[in-house]
>>> print(open('structure_12.tsv').read())   # TSV, C-alpha atoms and all ligand atoms
chain	number	residue	atom	x	y	z
A	1	MET	CA	-7.67	-147.27	88.93
A	2	PRO	CA	-8.67	-147.09	85.23
A	3	LEU	CA	-5.83	-147.09	82.72
A	4	VAL	CA	-6.26	-145.41	79.32
A	5	LEU	CA	-4.14	-145.70	76.19
A	6	ALA	CA	-4.61	-142.65	73.96
A	7	ILE	CA	-3.57	-141.92	70.38
A	8	GLU	CA	-3.37	-138.49	68.74
A	9	SER	CA	-2.73	-138.20	65.00
A	10	SER	CA	-4.90	-135.32	63.81
A	11	CYS	CA	-2.13	-133.36	62.10
A	12	ASP	CA	1.66	-133.71	61.98
A	13	GLU	CA	2.45	-135.20	65.39
A	14	THR	CA	2.10	-138.93	66.06
A	15	ALA	CA	1.50	-139.30	69.78
A	16	VAL	CA	0.68	-142.07	72.24
A	17	ALA	CA	0.06	-141.70	75.97
A	18	LEU	CA	-0.88	-143.86	78.94
A	19	LEU	CA	-2.83	-142.26	81.78
A	20	GLN	CA	-4.22	-143.60	85.00
A	21	GLY	CA	-6.46	-141.89	87.50
A	22	GLU	CA	-9.43	-141.77	89.81
A	23	PRO	CA	-12.35	-139.32	89.70
A	24	GLY	CA	-11.42	-135.95	91.22
A	25	GLN	CA	-7.76	-136.92	91.67
A	26	PRO	CA	-4.75	-135.68	89.67
A	27	ALA	CA	-4.30	-137.86	86.59
A	28	HIS	CA	-1.00	-139.75	86.33
A	29	ILE	CA	0.71	-139.54	82.96
A	30	LEU	CA	2.57	-142.87	82.86
A	31	ALA	CA	3.92	-142.22	79.35
A	32	SER	CA	3.55	-139.48	76.75
A	33	GLU	CA	5.44	-140.23	73.55
A	34	ILE	CA	5.58	-137.99	70.49
A	35	ALA	CA	7.13	-138.61	67.08
A	36	SER	CA	7.32	-135.11	65.68
A	37	GLN	CA	7.16	-134.61	61.93
A	38	ILE	CA	8.08	-130.93	62.08
A	39	GLU	CA	11.47	-131.39	60.37
A	40	LEU	CA	9.85	-133.40	57.59
A	41	HIS	CA	7.28	-130.73	56.74
A	42	ARG	CA	9.57	-127.73	57.35
A	43	VAL	CA	11.02	-127.83	53.82
A	44	TYR	CA	7.48	-127.37	52.43
A	45	GLY	CA	6.68	-124.47	54.79
A	46	GLY	CA	3.61	-126.28	56.18
A	47	VAL	CA	2.00	-129.67	56.68
A	48	VAL	CA	1.70	-131.96	53.63
A	49	PRO	CA	-1.27	-134.29	54.41
A	50	GLU	CA	-0.03	-137.26	52.34
A	51	LEU	CA	3.38	-137.20	54.03
A	52	ALA	CA	1.76	-136.82	57.45
A	53	SER	CA	-0.47	-139.90	57.14
A	54	ARG	CA	2.33	-142.04	55.71
A	55	ASN	CA	4.50	-141.15	58.68
A	56	HIS	CA	1.74	-141.77	61.20
A	57	SER	CA	1.44	-145.34	59.97
A	58	LEU	CA	5.21	-145.73	60.09
A	59	HIS	CA	5.62	-144.43	63.65
A	60	LEU	CA	2.46	-145.49	65.43
A	61	ARG	CA	3.23	-149.11	66.25
A	62	PRO	CA	6.78	-148.47	67.60
A	63	LEU	CA	5.38	-145.54	69.58
A	64	VAL	CA	2.68	-147.72	71.22
A	65	GLU	CA	5.38	-150.25	72.16
A	66	GLN	CA	7.61	-147.45	73.48
A	67	ALA	CA	4.78	-146.04	75.62
A	68	LEU	CA	3.95	-149.47	77.06
A	69	SER	CA	7.59	-150.17	77.85
A	70	HIS	CA	8.18	-146.70	79.44
A	71	ALA	CA	5.13	-147.16	81.62
A	72	GLY	CA	5.91	-150.82	82.37
A	73	VAL	CA	2.38	-151.77	81.33
A	74	ARG	CA	1.07	-154.72	79.28
A	75	LEU	CA	-1.61	-154.25	76.64
A	76	ALA	CA	-3.89	-156.61	78.55
A	77	GLU	CA	-3.90	-154.23	81.56
A	78	ILE	CA	-5.44	-151.33	79.62
A	79	ASP	CA	-9.08	-150.54	80.40
A	80	THR	CA	-9.99	-148.20	77.53
A	81	PHE	CA	-8.50	-147.08	74.22
A	82	ALA	CA	-9.03	-143.44	73.18
A	83	ALA	CA	-8.18	-141.66	69.93
A	84	THR	CA	-8.75	-138.29	68.31
A	85	SER	CA	-11.63	-138.57	65.85
A	86	GLY	CA	-11.58	-134.96	64.59
A	87	PRO	CA	-11.18	-132.19	63.67
A	88	GLY	CA	-8.01	-132.59	61.62
A	89	LEU	CA	-6.66	-134.10	58.43
A	90	ALA	CA	-8.86	-137.02	57.33
A	91	SER	CA	-6.02	-139.32	56.26
A	92	SER	CA	-4.11	-138.61	59.50
A	93	LEU	CA	-7.12	-139.06	61.79
A	94	LEU	CA	-7.90	-142.40	60.13
A	95	ILE	CA	-4.53	-143.91	61.07
A	96	GLY	CA	-4.77	-143.16	64.80
A	97	ALA	CA	-8.48	-143.87	65.21
A	98	THR	CA	-8.28	-147.16	63.30
A	99	ALA	CA	-5.26	-148.29	65.35
A	100	ALA	CA	-7.05	-147.51	68.65
A	101	LYS	CA	-10.19	-149.34	67.49
A	102	ALA	CA	-8.12	-152.36	66.42
A	103	LEU	CA	-6.35	-152.46	69.80
A	104	ALA	CA	-9.67	-152.09	71.62
A	105	ALA	CA	-11.23	-154.90	69.58
A	106	ALA	CA	-8.23	-157.19	70.11
A	107	ALA	CA	-8.16	-156.50	73.87
A	108	ARG	CA	-11.99	-156.65	74.10
A	109	ARG	CA	-12.08	-153.26	75.79
A	110	PRO	CA	-14.10	-150.10	75.00
A	111	PHE	CA	-13.04	-147.49	72.45
A	112	ILE	CA	-13.53	-143.75	73.07
A	113	ALA	CA	-13.58	-141.17	70.26
A	114	ILE	CA	-12.26	-137.81	71.49
A	115	ASN	CA	-12.65	-134.38	69.92
A	116	HIS	CA	-9.18	-132.84	69.51
A	117	LEU	CA	-10.50	-129.48	70.73
A	118	GLU	CA	-11.85	-131.08	73.89
A	119	GLY	CA	-8.37	-132.50	74.46
A	120	HIS	CA	-6.87	-128.99	74.28
A	121	LEU	CA	-9.72	-127.54	76.35
A	122	LEU	CA	-9.21	-129.97	79.24
A	123	SER	CA	-5.39	-129.97	79.11
A	124	PRO	CA	-4.89	-127.24	81.76
A	125	PHE	CA	-6.65	-129.47	84.32
A	126	VAL	CA	-4.72	-132.75	84.01
A	127	GLU	CA	-2.74	-132.07	87.21
A	128	LEU	CA	-5.89	-130.92	89.05
A	129	GLY	CA	-7.85	-133.99	87.93
A	130	HIS	CA	-11.19	-132.20	87.68
A	131	VAL	CA	-12.58	-129.40	85.54
A	132	PRO	CA	-14.01	-126.41	87.44
A	133	PRO	CA	-16.42	-123.95	85.79
A	134	HIS	CA	-14.30	-121.53	83.77
A	135	LEU	CA	-13.82	-119.42	80.70
A	136	ALA	CA	-11.58	-121.20	78.18
A	137	LEU	CA	-9.41	-119.75	75.45
A	138	ILE	CA	-8.11	-122.34	72.97
A	139	VAL	CA	-5.39	-120.84	70.76
A	140	SER	CA	-3.83	-123.32	68.36
A	141	GLY	CA	-2.73	-123.55	64.76
A	142	GLY	CA	-6.21	-124.47	63.60
A	143	HIS	CA	-8.50	-122.80	66.14
A	144	THR	CA	-9.13	-119.68	68.19
A	145	LEU	CA	-12.09	-120.32	70.44
A	146	LEU	CA	-13.63	-118.75	73.53
A	147	LEU	CA	-15.88	-121.11	75.48
A	148	ASP	CA	-17.89	-120.88	78.64
A	149	VAL	CA	-17.29	-124.19	80.42
A	150	ALA	CA	-19.73	-125.28	83.13
A	151	GLY	CA	-17.93	-128.64	83.51
A	152	PRO	CA	-16.67	-131.54	81.37
A	153	GLY	CA	-18.88	-131.87	78.30
A	154	ARG	CA	-20.83	-128.70	79.13
A	155	TYR	CA	-19.52	-126.12	76.71
A	156	GLN	CA	-20.99	-122.94	75.28
A	157	LYS	CA	-19.23	-121.19	72.45
A	158	LEU	CA	-18.87	-117.44	72.98
A	159	GLY	CA	-16.59	-116.61	70.07
A	160	SER	CA	-14.18	-117.88	67.44
A	161	THR	CA	-12.05	-116.58	64.62
A	162	ARG	CA	-13.78	-115.46	61.45
A	163	ASP	CA	-10.70	-116.15	59.33
A	164	ASP	CA	-7.20	-117.24	60.39
A	165	ALA	CA	-6.55	-118.91	63.72
A	166	ALA	CA	-4.02	-117.12	65.95
A	167	GLY	CA	-1.37	-119.83	65.40
A	168	GLU	CA	-2.05	-119.77	61.66
A	169	ALA	CA	-1.40	-116.01	61.69
A	170	PHE	CA	1.92	-116.62	63.51
A	171	ASP	CA	2.83	-119.26	60.91
A	172	LYS	CA	1.85	-117.14	57.88
A	173	VAL	CA	3.57	-113.99	59.13
A	174	ALA	CA	6.70	-116.01	59.93
A	175	LYS	CA	6.70	-117.32	56.36
A	176	MET	CA	6.47	-113.73	55.03
A	177	LEU	CA	9.41	-112.80	57.23
A	178	GLY	CA	11.46	-115.70	55.91
A	179	LEU	CA	11.32	-117.62	59.21
A	180	PRO	CA	10.91	-121.42	59.30
A	181	TYR	CA	7.78	-123.42	60.09
A	182	PRO	CA	6.24	-123.53	62.66
A	183	GLY	CA	6.35	-119.76	62.95
A	184	GLY	CA	5.11	-119.21	66.52
A	185	PRO	CA	8.31	-120.12	68.37
A	186	GLU	CA	10.44	-118.33	65.73
A	187	ILE	CA	8.47	-115.10	66.07
A	188	GLU	CA	8.65	-115.33	69.86
A	189	LYS	CA	12.43	-115.75	69.67
A	190	ALA	CA	12.93	-112.81	67.29
A	191	ALA	CA	10.48	-110.64	69.28
A	192	ALA	CA	12.51	-110.99	72.46
A	193	THR	CA	14.81	-108.08	71.49
A	194	GLY	CA	12.19	-106.06	69.60
A	195	ASN	CA	10.01	-103.07	70.48
A	196	PRO	CA	6.31	-104.07	70.58
A	197	ALA	CA	5.30	-100.45	69.90
A	198	ALA	CA	7.57	-99.99	66.86
A	199	PHE	CA	4.79	-100.73	64.34
A	200	ASP	CA	1.18	-99.76	64.92
A	201	PHE	CA	-0.54	-102.93	63.64
A	202	PRO	CA	-4.36	-103.19	63.73
A	203	ARG	CA	-6.21	-104.87	66.62
A	204	SER	CA	-9.17	-106.14	64.59
A	205	MET	CA	-12.57	-106.37	66.28
A	206	MET	CA	-11.08	-105.41	69.65
A	207	LYS	CA	-13.58	-102.63	70.26
A	208	GLU	CA	-16.55	-104.37	68.68
A	209	PRO	CA	-19.12	-106.12	70.87
A	210	GLY	CA	-19.08	-109.92	70.85
A	211	PHE	CA	-16.21	-112.33	71.22
A	212	ASP	CA	-15.20	-113.18	67.66
A	213	PHE	CA	-11.68	-112.66	66.35
A	214	SER	CA	-10.13	-111.77	63.00
A	215	PHE	CA	-6.42	-112.00	62.23
A	216	SER	CA	-6.30	-111.74	58.44
A	217	GLY	CA	-6.20	-107.89	58.49
A	218	LEU	CA	-3.22	-108.00	60.82
A	219	LYS	CA	-1.44	-110.44	58.50
A	220	THR	CA	-2.12	-108.14	55.53
A	221	ALA	CA	-0.88	-105.11	57.51
A	222	VAL	CA	2.45	-106.90	58.11
A	223	LEU	CA	2.66	-107.72	54.40
A	224	TYR	CA	2.01	-104.07	53.40
A	225	THR	CA	4.60	-102.87	55.90
A	226	LEU	CA	7.12	-105.23	54.34
A	227	THR	CA	6.45	-104.16	50.76
A	228	ASP	CA	6.40	-100.45	51.78
A	229	ARG	CA	9.81	-100.75	53.36
A	230	GLN	CA	11.31	-102.96	50.67
A	231	PRO	CA	9.25	-102.32	47.50
A	232	ALA	CA	11.62	-104.22	45.22
A	233	THR	CA	12.01	-107.48	47.09
A	234	GLY	CA	9.48	-107.48	49.93
A	235	GLN	CA	12.34	-109.03	51.90
A	236	VAL	CA	12.65	-108.10	55.53
A	237	GLN	CA	15.74	-106.17	56.64
A	238	ILE	CA	17.51	-108.04	59.40
A	239	GLY	CA	17.40	-104.95	61.62
A	240	ASP	CA	13.59	-104.71	61.30
A	241	LEU	CA	12.89	-108.30	62.23
A	242	PRO	CA	12.76	-108.06	66.06
A	243	ASP	CA	10.52	-104.94	65.96
A	244	LEU	CA	8.18	-106.45	63.34
A	245	CYS	CA	7.88	-109.69	65.32
A	246	ALA	CA	7.38	-107.95	68.67
A	247	SER	CA	4.75	-105.58	67.23
A	248	PHE	CA	2.86	-108.40	65.50
A	249	GLN	CA	2.99	-110.61	68.60
A	250	GLN	CA	1.73	-107.77	70.80
A	251	ALA	CA	-1.19	-107.07	68.44
A	252	VAL	CA	-2.28	-110.73	68.68
A	253	ILE	CA	-1.90	-110.81	72.47
A	254	ASP	CA	-3.82	-107.54	72.96
A	255	VAL	CA	-6.88	-108.91	71.15
A	256	LEU	CA	-6.76	-112.34	72.79
A	257	LEU	CA	-6.38	-110.82	76.25
A	258	ARG	CA	-9.02	-108.11	75.89
A	259	LYS	CA	-11.63	-110.53	74.49
A	260	SER	CA	-10.87	-113.23	77.08
A	261	LEU	CA	-11.27	-110.85	80.01
A	262	ALA	CA	-14.49	-109.44	78.56
A	263	ALA	CA	-15.83	-112.98	77.98
A	264	ALA	CA	-14.99	-114.03	81.55
A	265	ARG	CA	-16.85	-110.98	82.89
A	266	HIS	CA	-19.78	-111.68	80.54
A	267	ALA	CA	-20.02	-115.33	81.65
A	268	GLY	CA	-19.49	-114.44	85.31
A	269	ARG	CA	-16.51	-116.82	85.61
A	270	GLN	CA	-13.70	-116.34	88.12
A	271	THR	CA	-11.37	-118.78	86.39
A	272	LEU	CA	-9.67	-118.50	83.01
A	273	ALA	CA	-7.90	-121.37	81.23
A	274	LEU	CA	-5.46	-121.16	78.33
A	275	SER	CA	-4.65	-124.05	76.01
A	276	GLY	CA	-3.25	-124.84	72.56
A	277	GLY	CA	0.15	-124.28	70.92
A	278	VAL	CA	0.03	-120.47	71.01
A	279	SER	CA	-0.42	-120.56	74.81
A	280	LEU	CA	3.25	-121.67	74.96
A	281	ASN	CA	4.19	-118.08	74.13
A	282	ARG	CA	5.87	-116.68	77.24
A	283	THR	CA	5.00	-113.05	76.54
A	284	LEU	CA	1.35	-114.04	76.15
A	285	ARG	CA	1.44	-116.11	79.35
A	286	GLY	CA	3.12	-113.29	81.27
A	287	GLN	CA	0.54	-110.71	80.18
A	288	PHE	CA	-2.37	-113.06	80.94
A	289	GLU	CA	-0.88	-113.76	84.41
A	290	GLN	CA	-0.54	-110.06	85.16
A	291	ALA	CA	-4.04	-109.18	83.91
A	292	CYS	CA	-5.67	-112.08	85.80
A	293	LEU	CA	-3.94	-110.97	88.98
A	294	GLN	CA	-5.33	-107.44	88.51
A	295	GLU	CA	-8.82	-108.71	87.67
A	296	ASP	CA	-8.85	-111.26	90.51
A	297	LEU	CA	-9.20	-114.19	88.13
A	298	ALA	CA	-7.57	-117.59	88.70
A	299	LEU	CA	-5.50	-118.58	85.66
A	300	HIS	CA	-4.89	-122.18	84.60
A	301	THR	CA	-2.46	-122.91	81.81
A	302	ALA	CA	-1.54	-126.28	80.38
A	303	SER	CA	1.99	-127.39	81.27
A	304	PRO	CA	4.34	-126.84	78.28
A	305	GLY	CA	4.31	-130.50	77.15
A	306	LEU	CA	0.52	-130.39	76.98
A	307	CYS	CA	0.16	-127.19	74.91
A	308	THR	CA	1.11	-128.36	71.43
A	309	ASP	CA	-0.47	-131.52	70.06
A	310	ASN	CA	0.04	-134.52	72.35
A	311	ALA	CA	-1.79	-137.69	73.35
A	312	ALA	CA	-1.82	-137.03	77.12
A	313	MET	CA	-4.59	-134.44	76.67
A	314	ILE	CA	-6.59	-137.00	74.66
A	315	GLY	CA	-5.93	-139.56	77.40
A	316	PHE	CA	-7.20	-137.17	80.08
A	317	ALA	CA	-10.42	-136.57	78.13
A	318	GLY	CA	-10.63	-140.37	77.69
A	319	LEU	CA	-10.10	-140.91	81.42
A	320	LEU	CA	-12.97	-138.54	82.30
A	321	ARG	CA	-15.20	-140.43	79.84
A	322	THR	CA	-14.07	-143.76	81.31
A	323	PHE	CA	-15.19	-142.60	84.78
A	324	GLU	CA	-18.66	-141.99	83.30
A	325	ASN	CA	-18.71	-145.23	81.26
A	326	ARG	CA	-19.33	-143.17	78.13
A	327	PHE	CA	-17.82	-145.16	75.28
A	328	SER	CA	-18.02	-144.95	71.47
A	329	PRO	CA	-19.06	-147.64	69.01
A	330	LEU	CA	-16.26	-149.26	67.01
A	331	ASP	CA	-17.87	-148.01	63.81
A	332	SER	CA	-17.92	-144.36	64.94
A	333	PRO	CA	-16.51	-142.27	62.08
A	334	ILE	CA	-13.66	-139.80	61.98
A	335	ASP	CA	-14.74	-136.28	60.99
A	336	PRO	CA	-12.22	-133.71	59.66
A	337	ASN	CA	-14.66	-130.92	60.61
A	338	LEU	CA	-15.94	-132.39	63.85
A	339	PRO	CA	-17.51	-129.57	65.89
A	340	LEU	CA	-17.25	-129.49	69.65
A	341	THR	CA	-20.53	-130.78	71.09
A	342	LEU	CA	-22.12	-127.87	72.89
A	343	ALA	CA	-24.55	-128.23	75.77
B	1	LIG	O1	-2.03	-126.85	69.35
B	1	LIG	P1	-1.10	-127.01	68.22
B	1	LIG	O2	0.13	-127.89	68.40
B	1	LIG	O3	-1.76	-127.56	66.94
B	1	LIG	C1	-3.08	-127.36	66.53
B	1	LIG	O4	-3.98	-128.06	67.06
B	1	LIG	O5	-3.24	-126.51	65.65
B	1	LIG	O6	-0.62	-125.55	67.83
B	1	LIG	C2	0.36	-125.30	66.87
B	1	LIG	C3	0.42	-123.79	66.69
B	1	LIG	C4	1.30	-123.39	65.51
B	1	LIG	O7	0.58	-122.45	64.74
B	1	LIG	C5	2.52	-122.75	66.16
B	1	LIG	O8	3.12	-121.73	65.40
B	1	LIG	C6	1.92	-122.19	67.44
B	1	LIG	O9	1.00	-123.18	67.86
B	1	LIG	N1	2.93	-121.96	68.47
B	1	LIG	C7	3.23	-120.75	68.98
B	1	LIG	C8	4.30	-120.96	69.89
B	1	LIG	N2	4.60	-122.29	69.90
B	1	LIG	C9	3.74	-122.90	69.04
B	1	LIG	N3	2.72	-119.54	68.74
B	1	LIG	C10	3.25	-118.50	69.39
B	1	LIG	N4	4.28	-118.60	70.26
B	1	LIG	C11	4.83	-119.81	70.53
B	1	LIG	N5	5.85	-119.91	71.40
B	2	ZN	ZN	-4.05	-129.12	68.41
>>> encode(input="structure_12.tsv", output="structure tokens")
Amino acid sequence: MPLVLAIESSCDETAVALLQGEPGQPAHILASEIASQIELHRVYGGVVPELASRNHSLHLRPLVEQALSHAGVRLAEIDTFAATSGPGLASSLLIGATAAKALAAAARRPFIAINHLEGHLLSPFVELGHVPPHLALIVSGGHTLLLDVAGPGRYQKLGSTRDDAAGEAFDKVAKMLGLPYPGGPEIEKAAATGNPAAFDFPRSMMKEPGFDFSFSGLKTAVLYTLTDRQPATGQVQIGDLPDLCASFQQAVIDVLLRKSLAAARHAGRQTLALSGGVSLNRTLRGQFEQACLQEDLALHTASPGLCTDNAAMIGFAGLLRTFENRFSPLDSPIDPNLPLTLA
């Protein structure tokens, strides 16, 4: 049974995972280690690339050792070494990809370069072990993408965001509201006691044909609401916070849900899959579950540990590539803007 060691370091999480599996069978995650840098970047209100790469190089080696020891595996037993090669921060990608290449060269085993987006895209199917035809919504901090997926490696883009990604909108609105980074979980928490209909925020492009998104108008609408209510300071009143968060969150969910259902109908898919950090949002998950039930669509979501950045999703993509003997040269470059290969 092939054994893959995977490294993810595209942004502010250093992650190492070990996965083992057979074609068509559920993949076994033997270890999935993450050294989160969230606390480090929180004081700056976002990710500082220089700090991120320095910390990747600090944490990576101990994390590889930790993963091997948790899994009870020796380096010599690993069949392939996978790493994220893009998209992401150049200096962060370089650390993980170079480490995986070095390990592969030392162990005389193949290296596999994985697109971070493909990792997210495949993450809802780790437990299933295969990827059925489906309509995929990737909602993360950097991307909002609707794809028609015929199978692994066979992707057609139907839509994406024209400005901010959904997670980016959560993070920016949270910052305006004085909430810490990352904003998604903070907004979800505050929204729990709020009224989602309290503020009538715009649902951009919801009624337009096509499957593109736009979230910058929504972000601006929240900003104007804040300055209207508090012209002097622009500071949010504590009492307003739950309603503002719930109304903003609902506006994002409405657009994501409406476009995803329309895209699934358009592509003639009976299965919908959700991945990326924003798909952790329980209100979003609940509303997708309900709508899919009504529309007779099967819904696959990534398990919570596989939604935000992690190396297990990179390992699963690496495992599928290992089954096909599709490896990457050791001189394959990292690419901060790496697009998903469409076919
Ligand atoms: O997938 P991810 O870890 O990183 C990227 O590849 O971008 O996603 C991180 C994003 C952040 O914008 C964060 O605010 C958002 O996911 N997020 C959430 C929640 N948890 C994380 N957004 C909404 N609700 C959440 N519960
Ligand atoms: Zn990600």
>>> closest_atom_pairs(input="structure_12.tsv", of="segment 291-323 of chain A", to="segment 109-121 of chain A", cutoff="12 Å", atoms="all atoms listed in the file", output="Markdown table")
| residue | atom | partner | partner_atom | distance |
| --- | --- | --- | --- | --- |
| A:His300 | CA | A:Leu121 | CA | 11.0 |
| A:Thr301 | CA | A:Leu121 | CA | 10.2 |
| A:Ala302 | CA | A:His120 | CA | 8.5 |
| A:Ser303 | CA | A:His120 | CA | 11.4 |
| A:Gly305 | CA | A:His120 | CA | 11.6 |
| A:Leu306 | CA | A:His120 | CA | 8.0 |
| A:Cys307 | CA | A:His120 | CA | 7.3 |
| A:Thr308 | CA | A:His120 | CA | 8.5 |
| A:Asp309 | CA | A:His120 | CA | 8.1 |
| A:Asn310 | CA | A:Gly119 | CA | 8.9 |
| A:Ala311 | CA | A:Gly119 | CA | 8.5 |
| A:Ala312 | CA | A:Gly119 | CA | 8.4 |
| A:Met313 | CA | A:Gly119 | CA | 4.8 |
| A:Ile314 | CA | A:Gly119 | CA | 4.8 |
| A:Gly315 | CA | A:Gly119 | CA | 8.0 |
| A:Phe316 | CA | A:Gly119 | CA | 7.4 |
| A:Ala317 | CA | A:Gly119 | CA | 5.9 |
| A:Gly318 | CA | A:Ile112 | CA | 6.4 |
| A:Leu319 | CA | A:Ile112 | CA | 9.5 |
| A:Leu320 | CA | A:Ile112 | CA | 10.6 |
| A:Arg321 | CA | A:Ile112 | CA | 7.7 |
| A:Thr322 | CA | A:Ile112 | CA | 8.3 |
| A:Phe323 | CA | A:Ile112 | CA | 11.9 |
>>> residues_near_ligand(input="structure_12.tsv", ligand="ligand LIG 1 (chain B)", cutoff="9 Å", atoms="only C-alpha atoms and all ligand atoms", output="ChimeraX atom specification")
/A:10-13,87-88,116-117,120,138-143,165-172,174,181-189,249,275-284,306-310
>>> atom_distance(input="structure_12.tsv", atom1="atom CA of Lys259 of chain A", atom2="atom CA of Glu289 of chain A")
15.0 Å
>>> residues_around(input="structure_12.tsv", residues="segment 146-151 of chain A", least_positions_apart="2", cutoff="9 Å", atoms="only C-alpha atoms", output="ChimeraX atom specification")
/A:121,130-139,144,153-160,211-212,259-260,263-264,267,269
>>> closest_residue(input="structure_12.tsv", among="A:His266, A:Ala17, A:Leu261, A:Ala97", to="Asp296 of chain A", atoms="only C-alpha atoms")
A:Leu261
>>> decode(input="structure_12.tsv", residues="segment 196-262 of chain A", atoms="C-alpha atoms", output="mmCIF file, in the first residue's frame")
data_model
loop_
_atom_site.group_PDB
_atom_site.id
_atom_site.type_symbol
_atom_site.label_atom_id
_atom_site.label_comp_id
_atom_site.auth_asym_id
_atom_site.auth_seq_id
_atom_site.Cartn_x
_atom_site.Cartn_y
_atom_site.Cartn_z
ATOM 1 C CA PRO A 196 -29.689 37.684 9.812
ATOM 2 C CA ALA A 197 -32.458 39.967 8.477
ATOM 3 C CA ALA A 198 -31.532 42.982 10.632
ATOM 4 C CA PHE A 199 -29.492 44.656 7.866
ATOM 5 C CA ASP A 200 -30.382 44.397 4.200
ATOM 6 C CA PHE A 201 -26.896 43.884 2.722
ATOM 7 C CA PRO A 202 -26.469 43.441 -1.055
ATOM 8 C CA ARG A 203 -26.287 39.994 -2.688
ATOM 9 C CA SER A 204 -24.009 40.979 -5.579
ATOM 10 C CA MET A 205 -24.411 39.170 -8.899
ATOM 11 C CA MET A 206 -26.971 36.784 -7.419
ATOM 12 C CA LYS A 207 -29.534 37.426 -10.129
ATOM 13 C CA GLU A 208 -27.062 37.788 -12.985
ATOM 14 C CA PRO A 209 -26.434 34.876 -15.336
ATOM 15 C CA GLY A 210 -23.110 33.069 -14.980
ATOM 16 C CA PHE A 211 -21.368 31.763 -11.902
ATOM 17 C CA ASP A 212 -18.970 34.527 -10.909
ATOM 18 C CA PHE A 213 -19.012 36.141 -7.480
ATOM 19 C CA SER A 214 -18.258 39.598 -6.096
ATOM 20 C CA PHE A 215 -17.920 40.389 -2.397
ATOM 21 C CA SER A 216 -16.322 43.839 -2.391
ATOM 22 C CA GLY A 217 -19.710 45.647 -2.612
ATOM 23 C CA LEU A 218 -20.933 43.744 0.419
ATOM 24 C CA LYS A 219 -17.796 44.708 2.345
ATOM 25 C CA THR A 220 -18.316 48.372 1.402
ATOM 26 C CA ALA A 221 -21.997 48.172 2.429
ATOM 27 C CA VAL A 222 -20.938 46.990 5.906
ATOM 28 C CA LEU A 223 -18.439 49.864 6.099
ATOM 29 C CA TYR A 224 -21.100 52.454 5.120
ATOM 30 C CA THR A 225 -23.522 50.999 7.657
ATOM 31 C CA LEU A 226 -20.864 51.382 10.326
ATOM 32 C CA THR A 227 -20.019 54.988 9.482
ATOM 33 C CA ASP A 228 -23.750 55.874 9.148
ATOM 34 C CA ARG A 229 -24.465 54.563 12.606
ATOM 35 C CA GLN A 230 -21.331 55.942 14.224
ATOM 36 C CA PRO A 231 -20.224 58.898 12.042
ATOM 37 C CA ALA A 232 -17.615 60.131 14.510
ATOM 38 C CA THR A 233 -15.698 56.946 15.216
ATOM 39 C CA GLY A 234 -16.911 54.310 12.770
ATOM 40 C CA GLN A 235 -16.693 52.013 15.792
ATOM 41 C CA VAL A 236 -19.287 49.310 16.105
ATOM 42 C CA GLN A 237 -21.707 49.455 19.044
ATOM 43 C CA ILE A 238 -21.517 46.256 21.035
ATOM 44 C CA GLY A 239 -25.284 45.785 20.718
ATOM 45 C CA ASP A 240 -25.100 45.948 16.896
ATOM 46 C CA LEU A 241 -22.368 43.361 16.525
ATOM 47 C CA PRO A 242 -24.425 40.124 16.463
ATOM 48 C CA ASP A 243 -26.959 41.575 13.970
ATOM 49 C CA LEU A 244 -24.227 42.990 11.700
ATOM 50 C CA CYS A 245 -22.342 39.682 11.722
ATOM 51 C CA ALA A 246 -25.454 37.560 11.163
ATOM 52 C CA SER A 247 -26.652 39.800 8.304
ATOM 53 C CA PHE A 248 -23.237 39.840 6.624
ATOM 54 C CA GLN A 249 -22.812 36.072 7.015
ATOM 55 C CA GLN A 250 -26.279 35.436 5.563
ATOM 56 C CA ALA A 251 -25.561 37.655 2.539
ATOM 57 C CA VAL A 252 -22.411 35.619 1.776
ATOM 58 C CA ILE A 253 -24.209 32.290 2.253
ATOM 59 C CA ASP A 254 -27.174 33.308 0.067
ATOM 60 C CA VAL A 255 -24.910 34.050 -2.900
ATOM 61 C CA LEU A 256 -22.716 30.968 -2.452
ATOM 62 C CA LEU A 257 -25.745 28.696 -2.122
ATOM 63 C CA ARG A 258 -27.770 30.154 -4.993
ATOM 64 C CA LYS A 259 -24.812 30.050 -7.420
ATOM 65 C CA SER A 260 -23.755 26.537 -6.372
ATOM 66 C CA LEU A 261 -27.234 25.093 -6.900
ATOM 67 C CA ALA A 262 -27.555 26.835 -10.267
#
